[in-house]
file data.cif (mmCIF, C-alpha atoms)
data_protein
loop_
_atom_site.group_PDB
_atom_site.id
_atom_site.type_symbol
_atom_site.label_atom_id
_atom_site.label_comp_id
_atom_site.auth_asym_id
_atom_site.auth_seq_id
_atom_site.Cartn_x
_atom_site.Cartn_y
_atom_site.Cartn_z
ATOM 1 C CA MET G 1 204.595 50.861 102.938
ATOM 2 C CA THR G 2 204.201 51.877 106.595
ATOM 3 C CA GLN G 3 201.469 50.445 108.801
ATOM 4 C CA LYS G 4 199.840 53.868 108.996
ATOM 5 C CA LYS G 5 199.524 53.978 105.199
ATOM 6 C CA ILE G 6 198.163 50.431 105.108
ATOM 7 C CA TYR G 7 195.639 51.366 107.773
ATOM 8 C CA SER G 8 194.624 54.512 105.880
ATOM 9 C CA GLN G 9 194.017 52.584 102.667
ATOM 10 C CA VAL G 10 192.045 49.851 104.415
ATOM 11 C CA TYR G 11 190.019 52.451 106.303
ATOM 12 C CA SER G 12 189.132 54.288 103.083
ATOM 13 C CA TYR G 13 187.871 51.042 101.509
ATOM 14 C CA LEU G 14 185.842 50.027 104.558
ATOM 15 C CA SER G 15 184.267 53.433 105.091
ATOM 16 C CA ALA G 16 183.473 54.159 101.431
ATOM 17 C CA GLY G 17 180.092 52.436 101.345
ATOM 18 C CA SER G 18 179.349 52.127 105.051
ATOM 19 C CA LYS G 19 177.253 55.214 105.702
ATOM 20 C CA PHE G 20 175.244 53.799 108.593
ATOM 21 C CA VAL G 21 178.038 52.087 110.533
ATOM 22 C CA ASP G 22 179.588 53.232 113.818
ATOM 23 C CA ILE G 23 182.901 54.819 112.818
ATOM 24 C CA ARG G 24 184.593 53.236 115.842
ATOM 25 C CA HIS G 25 183.875 49.813 114.403
ATOM 26 C CA ILE G 26 185.454 50.831 111.092
ATOM 27 C CA VAL G 27 188.579 52.092 112.886
ATOM 28 C CA THR G 28 188.999 48.872 114.877
ATOM 29 C CA LEU G 29 188.431 46.620 111.880
ATOM 30 C CA ALA G 30 190.821 48.662 109.747
ATOM 31 C CA TRP G 31 193.586 48.227 112.311
ATOM 32 C CA MET G 32 192.865 44.506 112.550
ATOM 33 C CA VAL G 33 193.171 44.106 108.782
ATOM 34 C CA ALA G 34 196.301 46.275 108.680
ATOM 35 C CA ALA G 35 197.890 44.216 111.465
ATOM 36 C CA LEU G 36 196.969 40.971 109.703
ATOM 37 C CA LEU G 37 198.551 42.188 106.469
ATOM 38 C CA GLY G 38 201.622 43.535 108.228
ATOM 39 C CA SER G 39 202.315 40.491 110.399
ATOM 40 C CA GLN G 40 201.168 37.898 107.848
ATOM 41 C CA LYS G 41 199.818 35.947 110.827
ATOM 42 C CA VAL G 42 196.312 35.178 112.065
ATOM 43 C CA ASN G 43 197.495 34.967 115.679
ATOM 44 C CA GLN G 44 196.194 38.156 117.273
ATOM 45 C CA GLY G 45 198.981 38.024 119.812
ATOM 46 C CA GLU G 46 201.410 38.871 116.995
ATOM 47 C CA TRP G 47 199.595 42.025 115.939
ATOM 48 C CA GLY G 48 200.667 44.372 118.724
ATOM 49 C CA SER G 49 203.705 45.900 117.010
ATOM 50 C CA TYR G 50 201.677 46.580 113.848
ATOM 51 C CA VAL G 51 199.034 48.722 115.540
ATOM 52 C CA GLN G 52 199.278 52.353 116.575
ATOM 53 C CA SER G 53 197.333 52.869 119.784
ATOM 54 C CA ARG G 54 197.529 54.367 123.249
ATOM 55 C CA ALA G 55 197.345 50.941 124.877
ATOM 56 C CA ILE G 56 199.980 50.381 127.573
ATOM 57 C CA GLN G 57 199.309 46.806 128.613
ATOM 58 C CA GLU G 58 200.535 44.178 126.153
ATOM 59 C CA ASP G 59 197.194 42.385 126.003
ATOM 60 C CA SER G 60 195.067 45.532 125.708
ATOM 61 C CA ASN G 61 194.815 45.299 121.918
ATOM 62 C CA GLN G 62 193.929 41.602 122.089
ATOM 63 C CA LYS G 63 191.076 42.453 124.455
ATOM 64 C CA ARG G 64 190.035 45.138 121.990
ATOM 65 C CA TRP G 65 189.885 42.579 119.147
ATOM 66 C CA ARG G 66 187.893 40.140 121.267
ATOM 67 C CA ARG G 67 185.393 42.833 122.210
ATOM 68 C CA PHE G 68 184.971 43.723 118.551
ATOM 69 C CA LEU G 69 184.466 40.125 117.447
ATOM 70 C CA GLY G 70 181.897 39.566 120.196
ATOM 71 C CA ASN G 71 180.079 42.860 119.704
ATOM 72 C CA HIS G 72 176.577 42.183 118.339
ATOM 73 C CA ARG G 73 176.214 45.854 117.429
ATOM 74 C CA VAL G 74 178.806 45.538 114.682
ATOM 75 C CA LYS G 75 176.860 45.655 111.416
ATOM 76 C CA ILE G 76 178.724 43.016 109.442
ATOM 77 C CA LYS G 77 176.501 43.125 106.374
ATOM 78 C CA GLU G 78 176.606 46.931 106.159
ATOM 79 C CA ILE G 79 180.408 46.828 106.185
ATOM 80 C CA TYR G 80 181.015 43.771 104.014
ATOM 81 C CA VAL G 81 178.404 43.886 101.238
ATOM 82 C CA PRO G 82 179.410 47.350 99.897
ATOM 83 C CA LEU G 83 182.968 46.018 99.488
ATOM 84 C CA VAL G 84 181.768 43.116 97.354
ATOM 85 C CA LEU G 85 179.476 45.341 95.289
ATOM 86 C CA LYS G 86 182.327 47.748 94.665
ATOM 87 C CA ALA G 87 184.614 44.899 93.622
ATOM 88 C CA ILE G 88 182.115 43.621 91.037
ATOM 89 C CA SER G 89 180.810 47.016 89.897
ATOM 90 C CA GLN G 90 182.703 46.719 86.597
ATOM 91 C CA TRP G 91 181.079 43.372 85.758
ATOM 92 C CA LYS G 92 177.771 44.858 84.617
ATOM 93 C CA GLN G 93 178.706 44.511 80.955
ATOM 94 C CA GLY G 94 178.387 40.722 81.034
ATOM 95 C CA ARG G 95 176.508 37.971 82.799
ATOM 96 C CA LEU G 96 176.971 37.771 86.574
ATOM 97 C CA TYR G 97 177.256 34.239 87.962
ATOM 98 C CA LEU G 98 176.070 33.366 91.472
ATOM 99 C CA ALA G 99 176.448 30.054 93.303
ATOM 100 C CA LEU G 100 173.912 28.884 95.880
ATOM 101 C CA ASP G 101 175.363 26.191 98.115
ATOM 102 C CA SER G 102 175.089 24.724 101.600
ATOM 103 C CA THR G 103 177.516 23.220 104.098
ATOM 104 C CA GLN G 104 176.781 21.022 107.108
ATOM 105 C CA LEU G 105 178.629 21.135 110.415
ATOM 106 C CA TRP G 106 178.524 18.293 112.950
ATOM 107 C CA ASN G 107 175.203 17.058 111.508
ATOM 108 C CA LYS G 108 173.544 19.832 113.474
ATOM 109 C CA TYR G 109 174.048 23.111 111.636
ATOM 110 C CA CYS G 110 173.607 24.115 108.019
ATOM 111 C CA PHE G 111 175.095 27.212 106.410
ATOM 112 C CA VAL G 112 173.672 28.506 103.147
ATOM 113 C CA TYR G 113 175.979 30.625 101.001
ATOM 114 C CA LEU G 114 175.236 32.838 98.014
ATOM 115 C CA SER G 115 178.516 33.646 96.316
ATOM 116 C CA VAL G 116 179.696 35.628 93.308
ATOM 117 C CA ILE G 117 181.746 33.556 90.847
ATOM 118 C CA GLY G 118 184.775 35.168 89.237
ATOM 119 C CA GLY G 119 188.346 34.265 88.365
ATOM 120 C CA GLY G 120 187.750 30.642 89.265
ATOM 121 C CA ARG G 121 186.775 31.555 92.824
ATOM 122 C CA ALA G 122 183.577 31.986 94.824
ATOM 123 C CA LEU G 123 183.326 35.239 96.774
ATOM 124 C CA PRO G 124 180.581 35.056 99.452
ATOM 125 C CA LEU G 125 177.983 37.786 99.085
ATOM 126 C CA LEU G 126 175.373 36.694 101.635
ATOM 127 C CA TRP G 127 175.043 33.765 104.007
ATOM 128 C CA LEU G 128 172.638 32.209 106.463
ATOM 129 C CA GLY G 129 173.175 29.914 109.463
ATOM 130 C CA LEU G 130 170.497 27.432 110.537
ATOM 131 C CA GLU G 131 170.167 24.729 113.142
ATOM 132 C CA HIS G 132 169.309 22.124 110.564
ATOM 133 C CA LYS G 133 170.456 18.510 110.150
ATOM 134 C CA SER G 134 170.140 18.302 106.362
ATOM 135 C CA ALA G 135 171.892 20.061 103.485
ATOM 136 C CA SER G 136 168.500 20.375 101.776
ATOM 137 C CA VAL G 137 166.873 23.598 102.926
ATOM 138 C CA ALA G 138 163.226 24.615 102.519
ATOM 139 C CA TRP G 139 162.488 27.530 100.205
ATOM 140 C CA GLU G 140 161.063 29.763 102.938
ATOM 141 C CA LYS G 141 164.356 29.519 104.827
ATOM 142 C CA TYR G 142 166.647 30.815 102.088
ATOM 143 C CA ALA G 143 164.165 32.942 100.108
ATOM 144 C CA PRO G 144 165.073 36.118 102.109
ATOM 145 C CA LEU G 145 168.704 35.578 101.072
ATOM 146 C CA LEU G 146 167.778 35.680 97.391
ATOM 147 C CA GLU G 147 165.437 38.633 97.898
ATOM 148 C CA GLN G 148 168.276 40.630 99.458
ATOM 149 C CA ALA G 149 170.626 39.659 96.634
ATOM 150 C CA TYR G 150 168.040 40.678 94.060
ATOM 151 C CA GLN G 151 167.889 44.153 95.588
ATOM 152 C CA TYR G 152 171.664 44.487 95.790
ATOM 153 C CA LEU G 153 172.149 43.329 92.186
ATOM 154 C CA ALA G 154 169.259 45.253 90.624
ATOM 155 C CA ASN G 155 171.651 47.101 88.296
ATOM 156 C CA PHE G 156 173.063 43.919 86.788
ATOM 157 C CA PRO G 157 171.188 43.190 83.541
ATOM 158 C CA GLU G 158 171.771 39.429 83.500
ATOM 159 C CA VAL G 159 172.259 37.077 86.450
ATOM 160 C CA MET G 160 172.817 33.322 86.303
ATOM 161 C CA LEU G 161 172.199 31.282 89.468
ATOM 162 C CA LEU G 162 174.075 27.994 89.852
ATOM 163 C CA ALA G 163 172.530 25.589 92.352
ATOM 164 C CA ASP G 164 172.386 21.874 93.093
ATOM 165 C CA ARG G 165 169.302 19.709 93.480
ATOM 166 C CA GLY G 166 169.071 20.453 97.206
ATOM 167 C CA PHE G 167 167.637 23.829 96.217
ATOM 168 C CA ALA G 168 165.507 22.665 93.300
ATOM 169 C CA ASN G 169 161.818 23.271 93.955
ATOM 170 C CA HIS G 170 158.776 24.860 92.349
ATOM 171 C CA ASP G 171 158.931 27.998 94.519
ATOM 172 C CA LEU G 172 162.485 28.799 93.463
ATOM 173 C CA LEU G 173 161.697 28.236 89.793
ATOM 174 C CA LYS G 174 158.674 30.532 90.021
ATOM 175 C CA TRP G 175 160.781 33.168 91.746
ATOM 176 C CA LEU G 176 163.391 32.948 88.986
ATOM 177 C CA GLN G 177 160.711 33.524 86.373
ATOM 178 C CA LEU G 178 159.443 36.594 88.215
ATOM 179 C CA THR G 179 162.897 38.128 88.640
ATOM 180 C CA HIS G 180 164.120 37.136 85.162
ATOM 181 C CA TRP G 181 167.214 35.553 86.635
ATOM 182 C CA HIS G 182 168.518 32.459 84.884
ATOM 183 C CA ALA G 183 169.468 29.208 86.614
ATOM 184 C CA PHE G 184 171.519 26.110 85.883
ATOM 185 C CA TYR G 185 171.309 22.882 87.885
ATOM 186 C CA PRO G 186 174.239 20.420 87.693
ATOM 187 C CA SER G 187 172.089 17.450 88.786
ATOM 188 C CA THR G 188 168.602 16.091 88.146
ATOM 189 C CA VAL G 189 165.570 17.857 89.568
ATOM 190 C CA ARG G 190 161.840 17.191 89.599
ATOM 191 C CA TYR G 191 159.768 19.801 87.827
ATOM 192 C CA SER G 192 156.159 19.569 86.626
ATOM 193 C CA ASP G 193 156.089 15.937 87.811
ATOM 194 C CA SER G 194 158.774 14.824 85.355
ATOM 195 C CA ARG G 195 162.453 14.021 85.731
ATOM 196 C CA CYS G 196 164.659 16.536 83.933
ATOM 197 C CA PRO G 197 168.414 16.102 83.446
ATOM 198 C CA ALA G 198 169.483 19.284 85.202
ATOM 199 C CA SER G 199 172.877 19.099 83.582
ATOM 200 C CA ARG G 200 170.770 20.202 80.593
ATOM 201 C CA LEU G 201 168.285 22.307 82.527
ATOM 202 C CA TRP G 202 168.624 25.971 81.676
ATOM 203 C CA ILE G 203 166.045 28.431 82.951
#
call {"tool": "encode", "arguments": {"input": "data.cif", "output": "structure tokens"}}
result
Amino acid sequence: MTQKKIYSQVYSYLSAGSKFVDIRHIVTLAWMVAALLGSQKVNQGEWGSYVQSRAIQEDSNQKRWRRFLGNHRVKIKEIYVPLVLKAISQWKQGRLYLALDSTQLWNKYCFVYLSVIGGGRALPLLWLGLEHKSASVAWEKYAPLLEQAYQYLANFPEVMLLADRGFANHDLLKWLQLTHWHAFYPSTVRYSDSRCPASRLWI
């Protein structure tokens, strides 16, 4: 398959659900993905021969990639989320599993991820970065993440949220009851002033 065909296919996927995204951003990202697939390398300096452009200088495309990656006007969520929703659109017949997890970096930052579980892998759906020294995050910090996910997944009849005790709190449990999502905790949590073995806790 030629690079032009790879680009065309990638472009069609990226633009399918991105109605409110600058088309120039879609074009640049499509060429970046096509070059990555064609070269099989993450080094942007190796992508030049896999991109069709009017650039004359050898480093012109690299500057183009850097500008794209540093452009705050690029609507990442509007480009990425429709791809995930399209990929899981056929899963509405069964239960959809989500994983809520956090990762610490340098004891200074905390990233909260909400991922779709399928095929033994976790595919990130939404994420949040915080300047936070602990892996335990307050409900008000990650609640907007779940609210967004609830809107995106409104057509899925049954959703199961998997989370560890760092996210176990009364506010989350109340929210789960309101949304009719289920939850499973693989560690012990405190609920109604009693210790519950979360490996058995099913909401």
call {"tool": "residues_around", "arguments": {"input": "data.cif", "residues": "Tyr11 (chain G)", "least_positions_apart": "6", "cutoff": "7 Å", "atoms": "only C-alpha atoms", "output": "PyMOL selection string"}}
result
chain G and resi 26-27+30
call {"tool": "resolve_selection", "arguments": {"input": "data.cif", "expression": "the PyMOL selection byres ((chain G and resi 155) around 12)", "output": "PyMOL selection string"}}
result
chain G and resi 85+88-96+149-154+156-159
call {"tool": "write_last_selection", "arguments": {"input": "data.cif", "atoms": "C-alpha atoms", "output": "mmCIF file, in the coordinates of the input"}}
result
data_model
loop_
_atom_site.group_PDB
_atom_site.id
_atom_site.type_symbol
_atom_site.label_atom_id
_atom_site.label_comp_id
_atom_site.auth_asym_id
_atom_site.auth_seq_id
_atom_site.Cartn_x
_atom_site.Cartn_y
_atom_site.Cartn_z
ATOM 1 C CA LEU G 85 179.476 45.341 95.289
ATOM 2 C CA ILE G 88 182.115 43.621 91.037
ATOM 3 C CA SER G 89 180.810 47.016 89.897
ATOM 4 C CA GLN G 90 182.703 46.719 86.597
ATOM 5 C CA TRP G 91 181.079 43.372 85.758
ATOM 6 C CA LYS G 92 177.771 44.858 84.617
ATOM 7 C CA GLN G 93 178.706 44.511 80.955
ATOM 8 C CA GLY G 94 178.387 40.722 81.034
ATOM 9 C CA ARG G 95 176.508 37.971 82.799
ATOM 10 C CA LEU G 96 176.971 37.771 86.574
ATOM 11 C CA ALA G 149 170.626 39.659 96.634
ATOM 12 C CA TYR G 150 168.040 40.678 94.060
ATOM 13 C CA GLN G 151 167.889 44.153 95.588
ATOM 14 C CA TYR G 152 171.664 44.487 95.790
ATOM 15 C CA LEU G 153 172.149 43.329 92.186
ATOM 16 C CA ALA G 154 169.259 45.253 90.624
ATOM 17 C CA PHE G 156 173.063 43.919 86.788
ATOM 18 C CA PRO G 157 171.188 43.190 83.541
ATOM 19 C CA GLU G 158 171.771 39.429 83.500
ATOM 20 C CA VAL G 159 172.259 37.077 86.450
#
call {"tool": "residues_around", "arguments": {"input": "data.cif", "residues": "Lys141 (chain G)", "least_positions_apart": "6", "cutoff": "10 Å", "atoms": "all atoms listed in the file", "output": "PDB file with C-alpha atoms, in the coordinates of the input"}}
result
ATOM      1  CA  VAL G 112     173.672  28.506 103.147  1.00  0.00           C
ATOM      2  CA  LEU G 128     172.638  32.209 106.463  1.00  0.00           C
ATOM      3  CA  GLY G 129     173.175  29.914 109.463  1.00  0.00           C
ATOM      4  CA  LEU G 130     170.497  27.432 110.537  1.00  0.00           C
TER       5      LEU G 130
END
call {"tool": "atom_distance", "arguments": {"input": "data.cif", "atom1": "CA of Glu78 (chain G)", "atom2": "CA of Ser18 (chain G)"}}
result
6.0 Å
call {"tool": "resolve_selection", "arguments": {"input": "data.cif", "expression": "the PyMOL selection byres ((chain G and resi 132) around 12)", "output": "list in words"}}
result
Ser102, Thr103, Gln104, Leu105, Trp106, Asn107, Lys108, Tyr109, Cys110, Phe111, Val112, Leu128, Gly129, Leu130, Glu131, Lys133, Ser134, Ala135, Ser136, Val137, Ala138 and Lys141 of chain G
call {"tool": "atom_distance", "arguments": {"input": "data.cif", "atom1": "CA of Asp22 (chain G)", "atom2": "CA of Asp59 (chain G)"}}
result
24.0 Å
